[in-house]
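Engineer: For reference, the structure I am asking about is given below.
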Amino acid sequence: MVIGAAVVLFIASFLDLTSFDCPTGVDCSGFDGRNAWDGLGLLMSMFLSGVIGAALIVVGRTMPGRKVAGIDLGQFGVAFCIFSLWTAFWTIIDMDADAGAGMILGLLATIALAGAAIAAPLVPALKAPLVGAPRPQAPQPYGGQPQAGYGYPGAQQPSYGGQPEGGYGYPGGQPGQPGHPQPSQAGQPAPQAPVQPSQPSQGGQAPQPTGASDFSPFWFAVPVARPLYGEDGSPTPIAELAPGTWYLAVEQRGQGLVAQTQDGRRGVLQDTTGIQRG
C-alpha cells in the first residue's frame, strides 16, 4: 500500500496543480498549467518527501535494525510521510485558484501514504516482514552429527571400515594412533576384544550385570544389512542398517542395542555380532 501510494504521488507531480474555466470567446490553447516540477519548494516538501518516506519504510522493513543517528529507518519514513500530508493539506487550503488534478490526486495519495505508514506498526497483519525469515534448522539426532562425515547424506561415502571425518563422539583419526580404532579389512567385521572369563563372586553369588548408568553412547557399523526393530517390541522392522554407514548406539537393551539412524529414528538392533565400534 505504501509503495502504491508513492507511485500515485509521483505521477501526480507531473499533473497540473491548478485548474480554471476558460471564458467564452477567449483562446486558451496557449495556456500551460504549472506542475510540481515548476516549483522546487512544493516538489520537495510534498511530492518527493512522500516518495522518500515510502522508500525508507520499505528499506526499513527489508533490512530490520538499520538506523540513522540512532533512529530506525522506518521511523524516518513515517515522519517524511506525515510531513508530506501536512504540506499537501495546508497548500490546497491556501490556494488562490481551483485545485488541479495534480494537487487533488497528490492530497489523496499523501493521505493513503501517511495512513499506511502509521497503521503498519499498529496492525498485526501489516507487521509481516517483506522478506521471509530463514527456516530454522532441523534438530540433530542424539549426540549431534558432523556436517559432512562418513555415512551422512551429501558426503562422499568411503568403503566400509574406512575412517571418517572426526566429529562429536564420531570415529576418526589416523590408524595406529592411541585412542583410535584400527580399520578393518573391507567387508569384514573388526576384531573383537577378547572376552575375559567370568570370575565367581564371593559367597557363591552370580556376578551382577553392568548397570544402565555405565553405558556410554558410541558409534558402530554393521558388517551386513540388519533389521532395526521398534522399541515397543513390534516384530516388523522399522528400518534396515546398511554396512558402510555409522550409527549411534544410545542404550543397551538386553543383548541388543538401541540404535539411532541419521534421520532420527530409534529402534532395537537385536543381532549385534560382528559390529565394528568406532
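Just remember, in the C-alpha cells the first chain shown is A, the second B, etc., residues are 1-based per chain, and ligands are 1-based in the order shown.
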For the structure I just gave you, how does DSSP split range 9-138 of chain A - specifically, which residues are alpha helix (DSSP H)? Reply as an MDAnalysis selection string.
Structural biologist: chainID A and resid 9:12 40:42 49:62 73:93 101:119
Engineer: Write the residues of the preceding selection, restricted to C-alpha atoms, as an mmCIF file, in the first residue's frame.
Structural biologist:
data_model
loop_
_atom_site.group_PDB
_atom_site.id
_atom_site.type_symbol
_atom_site.label_atom_id
_atom_site.label_comp_id
_atom_site.auth_asym_id
_atom_site.auth_seq_id
_atom_site.Cartn_x
_atom_site.Cartn_y
_atom_site.Cartn_z
ATOM 1 C CA LEU A 9 2.086 10.654 -5.671
ATOM 2 C CA PHE A 10 4.994 10.659 -8.105
ATOM 3 C CA ILE A 11 2.596 10.586 -11.084
ATOM 4 C CA ALA A 12 0.581 13.441 -9.585
ATOM 5 C CA LEU A 40 11.176 23.351 -6.070
ATOM 6 C CA GLY A 41 9.671 24.103 -2.650
ATOM 7 C CA LEU A 42 6.365 22.269 -3.189
ATOM 8 C CA SER A 49 9.233 13.824 0.601
ATOM 9 C CA GLY A 50 6.378 11.319 0.378
ATOM 10 C CA VAL A 51 8.272 9.198 -2.135
ATOM 11 C CA ILE A 52 11.420 9.301 0.019
ATOM 12 C CA GLY A 53 9.389 8.377 3.102
ATOM 13 C CA ALA A 54 7.907 5.358 1.341
ATOM 14 C CA ALA A 55 11.375 4.243 0.222
ATOM 15 C CA LEU A 56 12.713 4.500 3.794
ATOM 16 C CA ILE A 57 9.798 2.434 5.121
ATOM 17 C CA VAL A 58 10.410 -0.301 2.541
ATOM 18 C CA VAL A 59 14.159 -0.371 3.246
ATOM 19 C CA GLY A 60 13.489 -0.483 6.990
ATOM 20 C CA ARG A 61 11.162 -3.477 6.559
ATOM 21 C CA THR A 62 13.530 -5.422 4.313
ATOM 22 C CA LEU A 73 14.810 3.953 9.063
ATOM 23 C CA GLY A 74 11.116 3.084 9.259
ATOM 24 C CA GLN A 75 10.549 5.861 11.790
ATOM 25 C CA PHE A 76 12.280 8.322 9.483
ATOM 26 C CA GLY A 77 9.986 7.188 6.677
ATOM 27 C CA VAL A 78 6.831 7.679 8.753
ATOM 28 C CA ALA A 79 7.937 11.211 9.636
ATOM 29 C CA PHE A 80 8.509 12.056 5.958
ATOM 30 C CA CYS A 81 5.056 10.717 5.010
ATOM 31 C CA ILE A 82 3.311 12.739 7.733
ATOM 32 C CA PHE A 83 5.206 15.872 6.696
ATOM 33 C CA SER A 84 4.136 15.290 3.082
ATOM 34 C CA LEU A 85 0.458 15.107 4.121
ATOM 35 C CA TRP A 86 0.853 18.195 6.319
ATOM 36 C CA THR A 87 2.249 20.202 3.416
ATOM 37 C CA ALA A 88 -0.402 18.986 0.965
ATOM 38 C CA PHE A 89 -3.271 19.811 3.339
ATOM 39 C CA TRP A 90 -2.250 23.411 4.021
ATOM 40 C CA THR A 91 -1.168 24.045 0.445
ATOM 41 C CA ILE A 92 -4.545 23.068 -1.034
ATOM 42 C CA ILE A 93 -6.366 25.184 1.574
ATOM 43 C CA ALA A 101 -5.719 17.165 -10.885
ATOM 44 C CA GLY A 102 -2.135 17.056 -9.644
ATOM 45 C CA MET A 103 -2.980 18.735 -6.340
ATOM 46 C CA ILE A 104 -6.131 16.702 -5.655
ATOM 47 C CA LEU A 105 -4.522 13.396 -6.590
ATOM 48 C CA GLY A 106 -1.440 14.331 -4.588
ATOM 49 C CA LEU A 107 -3.528 15.051 -1.475
ATOM 50 C CA LEU A 108 -5.327 11.705 -1.747
ATOM 51 C CA ALA A 109 -2.012 9.917 -2.232
ATOM 52 C CA THR A 110 -0.447 11.557 0.830
ATOM 53 C CA ILE A 111 -3.494 10.616 2.942
ATOM 54 C CA ALA A 112 -3.181 6.980 1.899
ATOM 55 C CA LEU A 113 0.594 7.071 2.322
ATOM 56 C CA ALA A 114 0.534 8.567 5.819
ATOM 57 C CA GLY A 115 -2.322 6.294 6.912
ATOM 58 C CA ALA A 116 -0.498 3.152 5.777
ATOM 59 C CA ALA A 117 2.773 4.286 7.364
ATOM 60 C CA ILE A 118 1.106 4.929 10.732
ATOM 61 C CA ALA A 119 -1.013 1.765 10.693
#
Engineer: Which residues, written as a PDB file with C-alpha atoms, in the first residue's frame, have at least one atom at most 8 Å from Ser216 in chain A, with only C-alpha atoms counted and residues fewer than 2 positions away on the same chain left out?
Structural biologist:
ATOM      1  CA  ASP A 214      27.585 -47.262  32.987  1.00  0.00           C
ATOM      2  CA  PHE A 218      29.208 -44.986  20.794  1.00  0.00           C
ATOM      3  CA  VAL A 250      22.306 -44.784  22.612  1.00  0.00           C
ATOM      4  CA  GLU A 251      21.237 -47.508  25.032  1.00  0.00           C
TER       5      GLU A 251
END
Engineer: Need to verify the contact set: range 260-274 of chain A, 6 Å, only C-alpha atoms, exclusion of same-chain residues closer than 3 positions in sequence. Can you return it as a count of residues only?
Structural biologist: 10
Engineer: Choose the residue, out of A:Phe47, A:Arg253, A:Pro243, A:Asp72, that has the smallest atom-to-atom separation from Val7 in chain A; count only C-alpha atoms.
Structural biologist: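 Residue with the minimum atom-to-atom distance to Val7 in chain A: A:Phe47.
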Engineer: Can you pull out the residues contacting Ala36 in chain A? Cut-off 7 Å, using only C-alpha atoms, and skip same-chain residues under 3 positions away; I want them as a PyMOL selection string.
Structural biologist: chain A and resi 13-14+17+39+42-43
